[in-house]
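> What follows is final22.pdb, PDB, C-alpha atoms and all ligand atoms.
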ATOM      1  CA  MET A   1      -7.650   9.856  -3.555
ATOM      2  CA  ALA A   2      -4.603   8.171  -5.030
ATOM      3  CA  GLU A   3      -2.175   9.981  -7.305
ATOM      4  CA  ILE A   4       0.175   8.305  -9.767
ATOM      5  CA  VAL A   5       3.567   9.767 -10.649
ATOM      6  CA  ILE A   6       5.485   8.154 -13.516
ATOM      7  CA  ARG A   7       9.030   8.521 -12.283
ATOM      8  CA  LYS A   8      10.904   8.830 -15.576
ATOM      9  CA  THR A   9       8.673  11.576 -17.008
ATOM     10  CA  GLY A  10       7.187  13.137 -13.866
ATOM     11  CA  GLU A  11       3.731  12.760 -15.446
ATOM     12  CA  LYS A  12       0.929  12.776 -12.847
ATOM     13  CA  ILE A  13      -2.427  11.014 -13.008
ATOM     14  CA  GLN A  14      -5.014  12.204 -10.505
ATOM     15  CA  ASP A  15      -8.537  11.571 -11.714
ATOM     16  CA  GLU A  16     -10.011   8.488  -9.987
ATOM     17  CA  GLU A  17     -11.084   6.714 -13.184
ATOM     18  CA  ARG A  18      -7.756   7.424 -14.897
ATOM     19  CA  VAL A  19      -5.851   6.187 -11.843
ATOM     20  CA  LYS A  20      -7.925   3.031 -11.837
ATOM     21  CA  ASP A  21      -7.410   2.477 -15.581
ATOM     22  CA  PHE A  22      -3.682   3.124 -15.356
ATOM     23  CA  LEU A  23      -3.261   0.684 -12.465
ATOM     24  CA  ALA A  24      -5.434  -1.942 -14.169
ATOM     25  CA  ARG A  25      -3.158  -1.720 -17.238
ATOM     26  CA  GLN A  26      -0.202  -2.321 -14.907
ATOM     27  CA  GLY A  27      -1.969  -5.360 -13.405
ATOM     28  CA  VAL A  28      -2.503  -3.581 -10.070
ATOM     29  CA  LEU A  29      -5.916  -3.773  -8.418
ATOM     30  CA  TYR A  30      -7.180  -0.448  -7.067
ATOM     31  CA  GLU A  31     -10.436   0.393  -5.347
ATOM     32  CA  ARG A  32     -11.872   2.941  -2.931
ATOM     33  CA  TRP A  33     -13.398   2.203   0.451
ATOM     34  CA  ASP A  34     -15.386   4.782   2.403
ATOM     35  CA  ALA A  35     -12.801   6.036   4.926
ATOM     36  CA  GLY A  36     -15.702   7.722   6.745
ATOM     37  CA  LYS A  37     -16.591   4.284   8.130
ATOM     38  CA  LEU A  38     -13.671   4.585  10.526
ATOM     39  CA  PRO A  39     -15.132   5.239  14.023
ATOM     40  CA  ALA A  40     -14.732   8.929  14.944
ATOM     41  CA  GLY A  41     -12.485   8.157  17.935
ATOM     42  CA  LEU A  42      -9.969   6.393  15.677
ATOM     43  CA  ARG A  43      -9.567   9.099  13.061
ATOM     44  CA  GLU A  44      -6.039  10.461  12.963
ATOM     45  CA  LYS A  45      -5.073   7.990  15.694
ATOM     46  CA  TYR A  46      -1.845   6.214  14.785
ATOM     47  CA  ASN A  47      -0.837   4.476  17.971
ATOM     48  CA  VAL A  48      -3.604   1.866  18.020
ATOM     49  CA  SER A  49      -4.184  -0.847  20.634
ATOM     50  CA  GLU A  50      -5.125  -4.438  19.807
ATOM     51  CA  GLU A  51      -8.781  -3.643  20.688
ATOM     52  CA  GLU A  52      -8.724  -0.638  18.364
ATOM     53  CA  LYS A  53      -7.301  -2.789  15.562
ATOM     54  CA  GLU A  54     -10.258  -5.142  16.025
ATOM     55  CA  GLU A  55     -12.595  -2.145  15.858
ATOM     56  CA  ILE A  56     -10.994  -1.064  12.568
ATOM     57  CA  LEU A  57     -11.388  -4.553  11.074
ATOM     58  CA  HIS A  58     -14.994  -4.620  12.245
ATOM     59  CA  ALA A  59     -15.742  -1.232  10.649
ATOM     60  CA  PHE A  60     -14.543  -2.471   7.238
ATOM     61  CA  ASP A  61     -15.666  -6.079   7.602
ATOM     62  CA  GLN A  62     -17.946  -6.004   4.549
ATOM     63  CA  GLU A  63     -15.276  -4.506   2.263
ATOM     64  CA  ILE A  64     -12.589  -6.875   3.565
ATOM     65  CA  ARG A  65     -14.736  -9.945   2.991
ATOM     66  CA  SER A  66     -15.757  -8.816  -0.477
ATOM     67  CA  LEU A  67     -12.125  -8.275  -1.544
ATOM     68  CA  ALA A  68     -10.989 -11.488   0.171
ATOM     69  CA  GLU A  69     -13.650 -13.495  -1.641
ATOM     70  CA  ARG A  70     -12.742 -12.037  -5.024
ATOM     71  CA  ASN A  71      -8.994 -12.597  -4.692
ATOM     72  CA  GLY A  72      -8.651 -15.562  -2.355
ATOM     73  CA  TYR A  73      -7.298 -13.720   0.706
ATOM     74  CA  VAL A  74      -7.832 -15.667   3.914
ATOM     75  CA  LYS A  75      -6.216 -13.552   6.643
ATOM     76  CA  TRP A  76      -6.182  -9.877   7.486
ATOM     77  CA  ASP A  77      -4.797  -7.585  10.147
ATOM     78  CA  VAL A  78      -3.990  -3.931  10.862
ATOM     79  CA  ILE A  79      -0.577  -2.296  10.731
ATOM     80  CA  SER A  80       0.187   1.155  12.099
ATOM     81  CA  LEU A  81       3.361   3.185  11.684
ATOM     82  CA  SER A  82       4.119   6.509  13.315
ATOM     83  CA  GLU A  83       6.752   8.196  15.415
ATOM     84  CA  ALA A  84       5.503   5.992  18.276
ATOM     85  CA  THR A  85       6.661   2.867  16.358
ATOM     86  CA  PRO A  86       9.895   1.550  17.863
ATOM     87  CA  ASN A  87      12.749   1.575  15.318
ATOM     88  CA  LEU A  88      10.631   3.436  12.735
ATOM     89  CA  GLU A  89      13.744   4.662  10.902
ATOM     90  CA  GLU A  90      15.191   1.166  10.615
ATOM     91  CA  LEU A  91      11.872  -0.266   9.485
ATOM     92  CA  LEU A  92      11.456   2.403   6.821
ATOM     93  CA  LYS A  93      14.966   1.799   5.522
ATOM     94  CA  LYS A  94      14.140  -1.871   5.179
ATOM     95  CA  PHE A  95      10.857  -1.077   3.405
ATOM     96  CA  GLU A  96      12.582   1.280   0.985
ATOM     97  CA  GLN A  97      14.508  -1.484  -0.751
ATOM     98  CA  ILE A  98      13.067  -2.937  -3.943
ATOM     99  CA  HIS A  99      11.707  -6.424  -3.326
ATOM    100  CA  THR A 100       9.118  -8.950  -4.438
ATOM    101  CA  HIS A 101       6.797 -11.364  -2.623
ATOM    102  CA  SER A 102       5.334 -14.709  -3.636
ATOM    103  CA  ASP A 103       1.926 -13.345  -2.547
ATOM    104  CA  ASP A 104       0.007 -10.163  -3.453
ATOM    105  CA  GLU A 105       0.727  -7.198  -1.171
ATOM    106  CA  VAL A 106      -2.647  -5.742  -0.277
ATOM    107  CA  ARG A 107      -3.080  -2.508   1.663
ATOM    108  CA  ALA A 108      -6.226  -0.571   2.483
ATOM    109  CA  ILE A 109      -5.210   2.794   3.929
ATOM    110  CA  VAL A 110      -7.583   3.815   6.738
ATOM    111  CA  SER A 111      -5.630   6.828   8.138
ATOM    112  CA  GLY A 112      -2.619   8.801   6.995
ATOM    113  CA  ASN A 113      -0.898   8.000   3.721
ATOM    114  CA  GLY A 114       1.951   6.167   2.048
ATOM    115  CA  THR A 115       3.557   5.587  -1.337
ATOM    116  CA  PHE A 116       4.078   2.343  -3.176
ATOM    117  CA  THR A 117       6.767   2.575  -5.851
ATOM    118  CA  ILE A 118       6.015  -0.207  -8.333
ATOM    119  CA  LYS A 119       7.760  -1.505 -11.451
ATOM    120  CA  GLY A 120       5.332  -1.145 -14.323
ATOM    121  CA  THR A 121       5.516  -2.291 -17.929
ATOM    122  CA  SER A 122       8.775  -1.632 -19.792
ATOM    123  CA  GLU A 123       7.252   1.429 -21.425
ATOM    124  CA  ILE A 124       6.246   2.986 -18.068
ATOM    125  CA  GLY A 125       9.079   1.856 -15.785
ATOM    126  CA  TYR A 126       8.757   2.638 -12.100
ATOM    127  CA  PHE A 127       5.809   4.709 -10.907
ATOM    128  CA  ASN A 128       4.672   5.994  -7.521
ATOM    129  CA  ALA A 129       1.155   5.313  -6.267
ATOM    130  CA  VAL A 130       0.619   7.899  -3.524
ATOM    131  CA  LEU A 131      -2.206   6.581  -1.361
ATOM    132  CA  GLN A 132      -4.558   8.356   1.036
ATOM    133  CA  ALA A 133      -7.226   7.103   3.433
ATOM    134  CA  GLY A 134      -9.804   5.060   1.511
ATOM    135  CA  ASP A 135      -7.326   3.895  -1.170
ATOM    136  CA  VAL A 136      -6.958   0.127  -1.533
ATOM    137  CA  ILE A 137      -4.216  -1.443  -3.629
ATOM    138  CA  SER A 138      -3.020  -4.934  -4.414
ATOM    139  CA  VAL A 139       0.538  -5.169  -5.725
ATOM    140  CA  PRO A 140       0.592  -8.479  -7.629
ATOM    141  CA  LYS A 141       2.913 -11.244  -6.515
ATOM    142  CA  ASN A 142       6.433 -11.175  -8.002
ATOM    143  CA  THR A 143       6.129  -7.475  -8.922
ATOM    144  CA  PRO A 144       9.147  -5.411  -7.781
ATOM    145  CA  HIS A 145       8.071  -2.610  -5.418
ATOM    146  CA  PHE A 146       8.786  -0.768  -2.197
ATOM    147  CA  PHE A 147       6.823   1.314   0.294
ATOM    148  CA  THR A 148       7.605   4.695   1.858
ATOM    149  CA  LEU A 149       5.751   7.056   4.145
ATOM    150  CA  LEU A 150       5.096  10.679   3.249
ATOM    151  CA  GLU A 151       6.523  13.540   5.276
ATOM    152  CA  ASN A 152       4.001  13.199   8.112
ATOM    153  CA  ARG A 153       5.291   9.613   8.568
ATOM    154  CA  LYS A 154       1.949   8.244   9.657
ATOM    155  CA  VAL A 155      -0.205   5.438   8.363
ATOM    156  CA  VAL A 156      -2.783   2.914   9.542
ATOM    157  CA  ALA A 157      -3.595   0.213   6.994
ATOM    158  CA  ILE A 158      -5.427  -3.086   6.736
ATOM    159  CA  ARG A 159      -3.344  -5.896   5.195
ATOM    160  CA  LEU A 160      -4.853  -8.950   3.527
ATOM    161  CA  PHE A 161      -2.965 -12.155   2.808
ATOM    162  CA  ILE A 162      -3.360 -15.428   0.971
ATOM    163  CA  ASP A 163      -0.723 -16.898   3.246
ATOM    164  CA  GLN A 164       1.309 -14.903   5.762
ATOM    165  CA  SER A 165       4.482 -16.743   4.750
ATOM    166  CA  GLY A 166       4.012 -15.293   1.249
ATOM    167  CA  TRP A 167       4.837 -11.862   2.609
ATOM    168  CA  ILE A 168       8.540 -12.592   3.042
ATOM    169  CA  ALA A 169      10.468  -9.955   1.086
ATOM    170  CA  HIS A 170      12.851 -11.163  -1.608
ATOM    171  CA  PRO A 171      15.382  -8.428  -2.440
ATOM    172  CA  TYR A 172      15.324  -7.376  -6.093
ATOM    173  CA  GLU A 173      18.401  -5.712  -7.539
ATOM    174  CA  ASP A 174      17.350  -3.555 -10.458
ATOM    175  CA  PRO A 175      19.937  -1.650 -12.507
ATOM    176  CA  GLU A 176      17.043   0.093 -14.261
ATOM    177  CA  PHE A 177      15.935   1.788 -11.052
ATOM    178  CA  GLN A 178      17.524   5.159 -10.372
ATOM    179  CA  VAL A 179      16.949   6.733  -7.016
ATOM    180  CA  THR A 180      17.463  10.148  -8.577
ATOM    181  CA  GLU A 181      14.525   9.800 -10.983
ATOM    182  CA  SER A 182      11.939  12.510 -10.389
ATOM    183  CA  LYS A 183       9.650  11.676  -7.499
TER
HETATM  184 FE    FE B 201       6.422  -5.465  -0.085
END
Represent the supplied structure as structure tokens.

Amino acid sequence: MAEIVIRKTGEKIQDEERVKDFLARQGVLYERWDAGKLPAGLREKYNVSEEEKEEILHAFDQEIRSLAERNGYVKWDVISLSEATPNLEELLKKFEQIHTHSDDEVRAIVSGNGTFTIKGTSEIGYFNAVLQAGDVISVPKNTPHFFTLLENRKVVAIRLFIDQSGWIAHPYEDPEFQVTESK
């Protein structure tokens, strides 16, 4: 279940309907998939082979196609990050810089967790969407954001794209963002 933390006030939003409403008001799509659909042998497995990635896509095929149809996504794949990922530290540093894309950034978390920090309306400012298995989010195109892992540093997620080239990160310098804001 996702949790929202508004960084400038520290306010937390935890109830599923309130999370959904909050994100909808920020233009961010949020839905829940049944993480229990993940085959038992792949639960808590973070170093996944190409065959296992196919198995994950197969397990969520219906949900992927439904979301793709609604939002025009045409490609999807699986990304996994863990201590087994070469250059994990470097990758995370790169992820942790505010950026935008010319395409939506869609992630369905199937194992582990991760946080998207997203620039909301001027009234809200930056907020964290802390995502767990079963949480699905679409950060709209051109919305400043970045992604971090939680302390366990493990995630497996399905990504959906309109066009893979749209996922190039454009750095976004934001004087309004303060790293020291409450997390
Ligand atoms: Fe991104």
> Evaluated on this file, the PyMOL selection byres (((chain A and resi 72-81) around 10) and not hetatm) picks out some residues - which ones are they, written as number ranges by chain?
A: 45-50, 52-54, 56-57, 64-71, 82-86, 88, 91-92, 103-104, 106-112, 149, 153-164
> Give me the result of the PyMOL selection byres (((chain A and resi 95) around 10) and not hetatm) on this file, residue by residue, as a list in words.
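Written out, the selection comes to Glu89, Glu90, Leu91, Leu92, Lys93, Lys94, Glu96, Gln97, Ile98, His99, His145, Phe146, Phe147, Thr148, Leu149 and Ala169 of chain A.
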> Which of these, A:Asp135, A:Asp61, A:Glu105, A:Glu123, has the shortest distance to ligand FE 201 (chain B) once you count all atoms listed in the file?
A:Glu105
> Measuring atom to atom with all atoms listed in the file, identify which of A:Ile4, A:Val139, A:Leu38, A:Val19 is nearest to ligand FE 201 (chain B).
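Among the listed residues, the smallest separation from ligand FE 201 (chain B) belongs to A:Val139.
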> Select, from A:Met1, A:Ala40, A:Ala129, A:Ile124, the residue with the minimum atom-to-atom distance to Arg25 (chain A), counting only C-alpha atoms.
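Using only C-alpha atoms, Arg25 (chain A) sits closest to A:Ile124.
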> My list of candidates is A:Pro39, A:Ser122, A:Pro144, A:Leu29. Which is closest to His58 (chain A) when distances are computed with only C-alpha atoms?
A:Pro39
> Of the candidates A:Arg32, A:Arg18, A:His170, A:Arg43, which shows the shortest atom-to-atom distance to ligand FE 201 (chain B), using only C-alpha atoms and all ligand atoms?
A:His170
> One number please: CA of Thr121 (chain A) to CA of Gln26 (chain A), in Å, one decimal.
6.5 Å
> What does the structure give for the distance between CA of Leu150 (chain A) and CA of Leu131 (chain A), in Å to one decimal?
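Value for the CA of Leu150 (chain A)-CA of Leu131 (chain A) distance: 9.6 Å.
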> Tell me, in Å to one decimal, how far CA of Glu31 (chain A) is from CA of Ile6 (chain A).
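Between CA of Glu31 (chain A) and CA of Ile6 (chain A) the gap works out to 19.5 Å.
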